[in-house]
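What follows is a set of notes on a single structure, which appears directly below.
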Number of protein chains: 2
Amino acid sequence: VQHTRSRRTSNSLLNNFPQSVYVIGLGQMGGSWVLASRKKKIFARIAGWDVRPKVRRRAVTELQLQIMKFQQGMMESDMVVLAVPIQEIMKYLVRICQHFNRPLILDLGSTKAEIMKYVEKQHADLRFVGGHPLAGTEKSGPAGWDELLFENRPFFLCPKESGTSSTDDLKTVWIVLTKLGANPMTVDPYAHDRVLAFTSHLPYVVAVSLIKTVVDSAFTSQSLFAGPGFESMTRLALSSPQMVQGIIRTNRDNIVDVLESFENSLHLIKNQIYRKDWANLLRELKQIRTRKQALSHDQG
Amino acid sequence: VQHTRSRRTSNSLLNNFPQSVYVIGLGQMGGSWVLASRKKKIFARIAGWDVRPKVRRRAVTELQLQIMKFQQGMMESDMVVLAVPIQEIMKYLVRICQHFNRPLILDLGSTKAEIMKYVEKQHADLRFVGGHPLAGTEKSGPAGWDELLFENRPFFLCPKESGTSSTDDLKTVWIVLTKLGANPMTVDPYAHDRVLAFTSHLPYVVAVSLIKTVVDSAFTSQSLFAGPGFESMTRLALSSPQMVQGIIRTNRDNIVDVLESFENSLHLIKNQIYRKDWANLLRELKQIRTRKQALSHDQG
């Protein structure tokens with residue numbers, strides 16, 4: 001269905017297909033976007049910007065990227081990718097609306113409800129599509145640049161509800177992402193943030209709490225002998241605190257709610273252990289394993 | 001130091017070095033022991049047993065293993081590896097003490113305090129070394145057989161405190177494990193179980209609680225879009241419930257204690273989110289990331 005849709009729309013969009021892209025923020029997401037879109041030859045010209053001078057220098061030498069300041073980038077580009085932390089996305093959106101020549105904007109922020117609410121209310125004419133690639137590792141900055149980062153990964157899209165251009169803009173972004181190798185799918189921003197609270201933000205808070213528990217225990221790291229299980233459970237605690245804080249701030253209600261559900265689950269199992277209720281514990285563990293197997297199977 | 005120690009003792013132990021090994025339990029640990037010790041040509045003869053007929057059949061065809069019943073295996077082997085769940089280890093120890101020709105016993109149980117306490121008190125003459133390889137994945141049974149499972153992995157050893165043969169037996173096991181490619185190290189059984197409650201048993205209970213939270217939320221698996229972070233945080237929930245229940249039962253006090261510490265850590269971070277205390281949250285997240293980086297660095 002998606003393929004047919006792209007084919008049907010590609011003719012009418014061909015004349016307006018973006019020739020140039022301007023990537024703001026050259027961390028893991030932005031740098032990987034540069035690499036992937038160049039590899040797939042999507043745009044005739046790629047330019048970018050990062051507030052960190054060190055990152056800009058590495059983008060020039062390692063990504064062969066043309067560095068462009070904000071004003072020029074906005075004026076001379078057909079499409080802009082906002083690959084900065086969520087707080088910065090909000091600030092950029094304010095500045096972007098002051099420009100006349102408005103390119104098509106795609107953001108890569110990890111929460112969508114606040115951004116879409118802001119865009120719908122404040123900037124009815126903005127050519128904007130909300131995006132969130134379900135991709136990335138705990139690496140941040142140039143260490144995370146990877147031309148295959150978006151390959152075969154889900155890429156959530158939130159189209160604007162109002163505005164004459166919104167349908168065409170969604171189609172354009174859809175084609176760009178398909179060329180990029182990602183799997184675009186439209187989602188409701190509120191449903192998106194609710195689901196991600198379970199599958200992404202809860203695991204992060206848990207990983208951080210695991211490290212805190214071990215650190216507070218006053219074991220020396222030499223005496224810990226952490227196995228592969230502990231490693232994979234705490235890898236997320238290496239994520240950028242600033243980035244994560246932005247995610248948490250913009251999804252606070254869902255996260256608090258989900259953390260309470262998790263506390264209840266944990267407490268139930270802890271009580272079975274405390275009461276030595278081994279029969280019910282075993283039954284619970286078996287049920288959970290069956291559900292985990294089904295989840296892993298369904299997710300491929 | 002370890003190398004010198006092996007060299008110095010190898011002459012005196014040469015005559016008593018085990019020529020034959022009998023592996024009881026052919027799950028991930030036992031089957032991998034068979035493969036690894038054959039690859040490294042440690043023993044002249046390897047035999048084994050598993051209560052599950054299906055696993056025995058696969059051991060014959062896929063491991064080319066000689067199947068031997070308990071009585072014969074005990075009588076005809078120099079060394080016995082108990083690679084069964086912890087509850088079964090206890091039952092085997094009772095039966096083993098009824099035999100005259102006592103081989104050197106090594107168990108691979110994931111907790112050590114209860115087993116060592118039992119061995120010291122009940123069977124002063126038993127030639128026994130407690131063992132726990134810090135290796136393995138969530139796979140169980142033949143699906144987990146891997147000749148490289150113990151390669152370069154820590155292998156905890158608890159020698160008996162009493163008994164004339166205990167020092168020589170520890171040296172023998174140490175040499176066997178070094179030949180196997182593992183990194184043996186002696187540990188106090190109580191300290192071992194305390195540390196593992198933090199780094200292994202806590203992460204398991206957390207992984208299980210994460211799955212329970214998501215399942216209880218009534219999301220369909222199709223709507224979940226779990227990313228790589230969620231996957232790596234819940235992989236442990238695929239572990240064998242019977243095996244895990246045995247571990248939890250024999251380390252209950254430590255696990256309850258550690259779960260309470262974890263609940264406190266989680267609650268502190270949840271409250272910062274609830275109270276929108278963003279400055280302290282960011283400070284906390286930064287501190288935790290620094291500690292995680294140090295832990296990862298120290299663990300190599």
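Letters for chains follow the order of the structure tokens (A, B, ...), residue numbers begin at 1 for each chain, and ligand numbers begin at 1 in the order shown.
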Taking only residues of chain B that have an atom at most 6 Å from an atom of chain A, what is each one's shortest atom pair and its distance in Å to one decimal, using only C-alpha atoms, in chain and number order, as a Markdown table?
| residue | atom | partner | partner_atom | distance |
| --- | --- | --- | --- | --- |
| B:Thr199 | CA | A:Ala226 | CA | 5.5 |
| B:Ser209 | CA | A:Leu266 | CA | 5.3 |
| B:Thr213 | CA | A:Phe262 | CA | 5.4 |
| B:Ser221 | CA | A:Leu295 | CA | 5.8 |
| B:Ala226 | CA | A:Thr199 | CA | 5.6 |
| B:Phe230 | CA | A:Thr199 | CA | 5.6 |
| B:Ser232 | CA | A:Ser232 | CA | 5.5 |
| B:Met233 | CA | A:Met233 | CA | 4.7 |
| B:Ala237 | CA | A:Arg289 | CA | 5.8 |
| B:Leu238 | CA | A:Arg289 | CA | 5.4 |
| B:Pro241 | CA | A:Leu285 | CA | 5.6 |
| B:Phe262 | CA | A:Thr213 | CA | 5.4 |
| B:Ser265 | CA | A:Ser209 | CA | 5.4 |
| B:Leu266 | CA | A:Ser209 | CA | 5.2 |
| B:Leu285 | CA | A:Pro241 | CA | 5.6 |
| B:Lys286 | CA | A:Pro241 | CA | 5.8 |
| B:Arg289 | CA | A:Leu238 | CA | 5.4 |
| B:Leu295 | CA | A:Ser221 | CA | 5.8 |
>> I need the strand (DSSP E or B) residues of range 131-266 of chain B per DSSP on the backbone, written as a VMD selection string.
In response: chain B and resid 131 to 133 154 to 159 183 to 186
Now that the selection is made, can you save its residues with N, CA and C atoms as a PDB file, in the first residue's frame?
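Saved file selection.pdb follows:
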ATOM      1  N   GLY B 131      31.476 -23.669  42.141  1.00  0.00           N
ATOM      2  CA  GLY B 131      31.835 -22.852  40.976  1.00  0.00           C
ATOM      3  C   GLY B 131      30.653 -22.070  40.446  1.00  0.00           C
ATOM      4  N   HIS B 132      30.941 -20.956  39.800  1.00  0.00           N
ATOM      5  CA  HIS B 132      29.897 -20.172  39.123  1.00  0.00           C
ATOM      6  C   HIS B 132      30.532 -19.405  37.961  1.00  0.00           C
ATOM      7  N   PRO B 133      30.312 -19.901  36.746  1.00  0.00           N
ATOM      8  CA  PRO B 133      30.835 -19.167  35.588  1.00  0.00           C
ATOM      9  C   PRO B 133      29.973 -17.939  35.292  1.00  0.00           C
ATOM     10  N   PRO B 154      34.914 -14.547  33.636  1.00  0.00           N
ATOM     11  CA  PRO B 154      35.248 -14.863  35.030  1.00  0.00           C
ATOM     12  C   PRO B 154      34.568 -16.167  35.443  1.00  0.00           C
ATOM     13  N   PHE B 155      35.274 -16.952  36.255  1.00  0.00           N
ATOM     14  CA  PHE B 155      34.713 -18.214  36.764  1.00  0.00           C
ATOM     15  C   PHE B 155      34.994 -18.225  38.266  1.00  0.00           C
ATOM     16  N   PHE B 156      33.958 -17.929  39.050  1.00  0.00           N
ATOM     17  CA  PHE B 156      34.123 -17.828  40.507  1.00  0.00           C
ATOM     18  C   PHE B 156      34.282 -19.221  41.106  1.00  0.00           C
ATOM     19  N   LEU B 157      35.213 -19.343  42.077  1.00  0.00           N
ATOM     20  CA  LEU B 157      35.426 -20.616  42.749  1.00  0.00           C
ATOM     21  C   LEU B 157      35.382 -20.430  44.253  1.00  0.00           C
ATOM     22  N   CYS B 158      34.666 -21.335  44.930  1.00  0.00           N
ATOM     23  CA  CYS B 158      34.622 -21.344  46.384  1.00  0.00           C
ATOM     24  C   CYS B 158      35.238 -22.654  46.864  1.00  0.00           C
ATOM     25  N   PRO B 159      36.448 -22.616  47.408  1.00  0.00           N
ATOM     26  CA  PRO B 159      37.055 -23.835  47.957  1.00  0.00           C
ATOM     27  C   PRO B 159      36.417 -24.175  49.295  1.00  0.00           C
ATOM     28  N   ASN B 183      38.584 -17.469  33.225  1.00  0.00           N
ATOM     29  CA  ASN B 183      39.434 -16.762  34.182  1.00  0.00           C
ATOM     30  C   ASN B 183      38.998 -17.094  35.596  1.00  0.00           C
ATOM     31  N   PRO B 184      39.573 -18.161  36.209  1.00  0.00           N
ATOM     32  CA  PRO B 184      39.135 -18.522  37.551  1.00  0.00           C
ATOM     33  C   PRO B 184      39.560 -17.492  38.595  1.00  0.00           C
ATOM     34  N   MET B 185      38.728 -17.316  39.616  1.00  0.00           N
ATOM     35  CA  MET B 185      39.092 -16.459  40.743  1.00  0.00           C
ATOM     36  C   MET B 185      38.305 -16.945  41.962  1.00  0.00           C
ATOM     37  N   THR B 186      39.002 -17.019  43.105  1.00  0.00           N
ATOM     38  CA  THR B 186      38.324 -17.485  44.308  1.00  0.00           C
ATOM     39  C   THR B 186      37.560 -16.329  44.945  1.00  0.00           C
TER      40      THR B 186
END
>> If DSSP is run on the backbone, what residues of range 30-276 of chain A are alpha helix (DSSP H)? A reply as a count of residues only would be ideal.
In response: 126
> For Lys179 in chain A, which residue out of A:Val34, A:Met75, A:Ile42, A:Cys97 is the nearest one, using only C-alpha atoms?
Replying inline: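 Of all the options, A:Ile42 lies closest to Lys179 in chain A.
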> Which residue, A:Thr111, A:Asn152, A:Ser32, A:Ser37, has the smallest gap to Gln19 in chain A when you use only C-alpha atoms?
Replying inline: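 Closest candidate: A:Ser37.
One distance worth recording is that between CA of Phe17 in chain A and CA of Pro85 in chain A, which is 26.9 Å.
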>> Please list as a PyMOL selection string every residue within 6 Å of Val81 in chain A, counting only C-alpha atoms and excluding residues in the same chain fewer than 4 positions away.
In response: chain A and resi 23+106-107
> Between B:Ile115, B:Ile24, B:Val51, B:Val129, which has the minimum distance to Gln87 in chain B (counting only C-alpha atoms)?
Replying inline: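 Using only C-alpha atoms, Gln87 in chain B sits closest to B:Ile115.
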> What lies within 10 Å of Arg102 in chain A using only C-alpha atoms, ignoring chain neighbours under 6 positions off, as a list in words?
Replying inline: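 Close residues of Arg102 in chain A: Met74, Met75, Glu76, Ser77, Asp78, Met79, Val80, Ile96, Asp125, Leu126, Arg127 and Phe128 of chain A.
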Would you save the residues of that selection, restricted to all heavy atoms, as an mmCIF file, in the first residue's frame?
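The resulting file, out16.cif, is reproduced below:
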data_model
loop_
_atom_site.group_PDB
_atom_site.id
_atom_site.type_symbol
_atom_site.label_atom_id
_atom_site.label_comp_id
_atom_site.auth_asym_id
_atom_site.auth_seq_id
_atom_site.Cartn_x
_atom_site.Cartn_y
_atom_site.Cartn_z
ATOM 1 N N MET A 74 18.478 28.645 6.135
ATOM 2 C CA MET A 74 17.020 28.736 6.027
ATOM 3 C C MET A 74 16.595 29.323 4.684
ATOM 4 O O MET A 74 15.589 28.924 4.104
ATOM 5 C CB MET A 74 16.455 29.611 7.159
ATOM 6 C CG MET A 74 16.596 29.039 8.554
ATOM 7 S SD MET A 74 15.867 27.409 8.750
ATOM 8 C CE MET A 74 14.139 27.754 8.432
ATOM 9 N N MET A 75 17.363 30.317 4.196
ATOM 10 C CA MET A 75 16.996 31.003 2.959
ATOM 11 C C MET A 75 17.251 30.123 1.738
ATOM 12 O O MET A 75 16.525 30.197 0.748
ATOM 13 C CB MET A 75 17.812 32.306 2.818
ATOM 14 C CG MET A 75 17.604 33.340 3.924
ATOM 15 S SD MET A 75 15.912 33.956 4.021
ATOM 16 C CE MET A 75 15.931 35.185 2.700
ATOM 17 N N GLU A 76 18.292 29.329 1.777
ATOM 18 C CA GLU A 76 18.760 28.660 0.562
ATOM 19 C C GLU A 76 18.411 27.175 0.506
ATOM 20 O O GLU A 76 18.924 26.460 -0.348
ATOM 21 C CB GLU A 76 20.273 28.854 0.420
ATOM 22 C CG GLU A 76 20.672 30.317 0.278
ATOM 23 C CD GLU A 76 22.176 30.503 0.090
ATOM 24 O OE1 GLU A 76 22.880 29.492 -0.064
ATOM 25 O OE2 GLU A 76 22.607 31.669 0.098
ATOM 26 N N SER A 77 17.571 26.680 1.446
ATOM 27 C CA SER A 77 17.300 25.242 1.458
ATOM 28 C C SER A 77 15.817 24.954 1.261
ATOM 29 O O SER A 77 14.954 25.702 1.726
ATOM 30 C CB SER A 77 17.772 24.629 2.778
ATOM 31 O OG SER A 77 19.130 24.936 3.011
ATOM 32 N N ASP A 78 15.514 23.841 0.583
ATOM 33 C CA ASP A 78 14.124 23.431 0.360
ATOM 34 C C ASP A 78 13.563 22.691 1.568
ATOM 35 O O ASP A 78 12.361 22.682 1.809
ATOM 36 C CB ASP A 78 14.024 22.502 -0.853
ATOM 37 C CG ASP A 78 14.531 23.165 -2.116
ATOM 38 O OD1 ASP A 78 14.399 24.407 -2.215
ATOM 39 O OD2 ASP A 78 15.078 22.456 -2.975
ATOM 40 N N MET A 79 14.451 22.018 2.281
ATOM 41 C CA MET A 79 14.004 21.216 3.425
ATOM 42 C C MET A 79 14.975 21.432 4.576
ATOM 43 O O MET A 79 16.188 21.560 4.357
ATOM 44 C CB MET A 79 13.966 19.728 3.035
ATOM 45 C CG MET A 79 13.492 18.799 4.140
ATOM 46 S SD MET A 79 13.286 17.087 3.521
ATOM 47 C CE MET A 79 12.784 16.288 5.047
ATOM 48 N N VAL A 80 14.438 21.476 5.800
ATOM 49 C CA VAL A 80 15.276 21.656 6.986
ATOM 50 C C VAL A 80 14.997 20.511 7.956
ATOM 51 O O VAL A 80 13.825 20.178 8.205
ATOM 52 C CB VAL A 80 14.985 23.011 7.677
ATOM 53 C CG1 VAL A 80 15.674 23.092 9.032
ATOM 54 C CG2 VAL A 80 15.417 24.156 6.774
ATOM 55 N N ILE A 96 12.273 30.215 13.257
ATOM 56 C CA ILE A 96 11.969 29.823 11.880
ATOM 57 C C ILE A 96 10.775 30.597 11.330
ATOM 58 O O ILE A 96 10.736 30.974 10.160
ATOM 59 C CB ILE A 96 11.749 28.294 11.814
ATOM 60 C CG1 ILE A 96 13.115 27.591 11.863
ATOM 61 C CG2 ILE A 96 10.982 27.894 10.551
ATOM 62 C CD1 ILE A 96 13.044 26.104 12.075
ATOM 63 N N ASP A 125 0.651 28.408 9.413
ATOM 64 C CA ASP A 125 1.145 28.368 8.037
ATOM 65 C C ASP A 125 2.473 27.636 7.882
ATOM 66 O O ASP A 125 2.959 27.458 6.773
ATOM 67 C CB ASP A 125 1.315 29.802 7.503
ATOM 68 C CG ASP A 125 -0.033 30.506 7.439
ATOM 69 O OD1 ASP A 125 -1.050 29.790 7.327
ATOM 70 O OD2 ASP A 125 -0.050 31.741 7.520
ATOM 71 N N LEU A 126 3.081 27.283 9.000
ATOM 72 C CA LEU A 126 4.384 26.625 8.945
ATOM 73 C C LEU A 126 4.279 25.313 8.174
ATOM 74 O O LEU A 126 3.374 24.511 8.412
ATOM 75 C CB LEU A 126 4.858 26.341 10.380
ATOM 76 C CG LEU A 126 6.325 25.948 10.564
ATOM 77 C CD1 LEU A 126 7.243 27.138 10.278
ATOM 78 C CD2 LEU A 126 6.550 25.443 11.982
ATOM 79 N N ARG A 127 5.203 25.098 7.232
ATOM 80 C CA ARG A 127 5.256 23.799 6.534
ATOM 81 C C ARG A 127 6.063 22.852 7.416
ATOM 82 O O ARG A 127 7.290 22.860 7.416
ATOM 83 C CB ARG A 127 5.925 23.953 5.171
ATOM 84 C CG ARG A 127 5.117 24.801 4.188
ATOM 85 C CD ARG A 127 5.825 24.873 2.861
ATOM 86 N NE ARG A 127 6.050 23.524 2.321
ATOM 87 C CZ ARG A 127 7.040 23.234 1.481
ATOM 88 N NH1 ARG A 127 7.918 24.138 1.120
ATOM 89 N NH2 ARG A 127 7.153 21.996 1.035
ATOM 90 N N PHE A 128 5.352 22.047 8.174
ATOM 91 C CA PHE A 128 6.010 21.272 9.227
ATOM 92 C C PHE A 128 5.463 19.847 9.281
ATOM 93 O O PHE A 128 4.251 19.632 9.207
ATOM 94 C CB PHE A 128 5.777 21.945 10.588
ATOM 95 C CG PHE A 128 6.487 21.259 11.728
ATOM 96 C CD1 PHE A 128 7.793 21.601 12.051
ATOM 97 C CD2 PHE A 128 5.858 20.263 12.462
ATOM 98 C CE1 PHE A 128 8.452 20.971 13.098
ATOM 99 C CE2 PHE A 128 6.517 19.623 13.512
ATOM 100 C CZ PHE A 128 7.816 19.985 13.825
#
>> Considering only C-alpha atoms, can you say which of B:Gln71, B:Ser166, B:Ser140, B:Thr250 comes closest to Glu114 in chain B?
In response: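 Under the stated criterion, the closest residue is B:Thr250.
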>> Could you list, as a list in words, every residue within 7 Å of Ala36 in chain A, counting only C-alpha atoms and ignoring same-chain residues fewer than 4 positions away?
In response: Ser32, Lys40, Glu147, Leu148 and Leu180 of chain A
Using N, CA, C and O atoms, can you export the residues from the last selection as a PDB file, in the first residue's frame?
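Dumped everything to selection33.pdb:
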ATOM      1  N   SER A  32      24.144  11.273  11.111  1.00  0.00           N
ATOM      2  CA  SER A  32      23.740  10.053  10.407  1.00  0.00           C
ATOM      3  C   SER A  32      22.805  10.391   9.243  1.00  0.00           C
ATOM      4  O   SER A  32      22.836   9.734   8.196  1.00  0.00           O
ATOM      5  N   LYS A  40      22.392   7.664  -0.293  1.00  0.00           N
ATOM      6  CA  LYS A  40      21.242   7.341  -1.138  1.00  0.00           C
ATOM      7  C   LYS A  40      20.996   8.401  -2.226  1.00  0.00           C
ATOM      8  O   LYS A  40      20.010   8.313  -2.952  1.00  0.00           O
ATOM      9  N   GLU A 147      25.848   5.701   8.826  1.00  0.00           N
ATOM     10  CA  GLU A 147      25.025   5.873   7.603  1.00  0.00           C
ATOM     11  C   GLU A 147      23.886   4.859   7.540  1.00  0.00           C
ATOM     12  O   GLU A 147      22.957   5.010   6.755  1.00  0.00           O
ATOM     13  N   LEU A 148      23.937   3.821   8.374  1.00  0.00           N
ATOM     14  CA  LEU A 148      22.871   2.812   8.372  1.00  0.00           C
ATOM     15  C   LEU A 148      21.897   2.986   9.545  1.00  0.00           C
ATOM     16  O   LEU A 148      21.063   2.122   9.797  1.00  0.00           O
ATOM     17  N   LEU A 180      15.566   7.067   2.081  1.00  0.00           N
ATOM     18  CA  LEU A 180      16.592   6.968   3.127  1.00  0.00           C
ATOM     19  C   LEU A 180      16.734   5.520   3.629  1.00  0.00           C
ATOM     20  O   LEU A 180      17.734   5.165   4.255  1.00  0.00           O
TER      21      LEU A 180
END
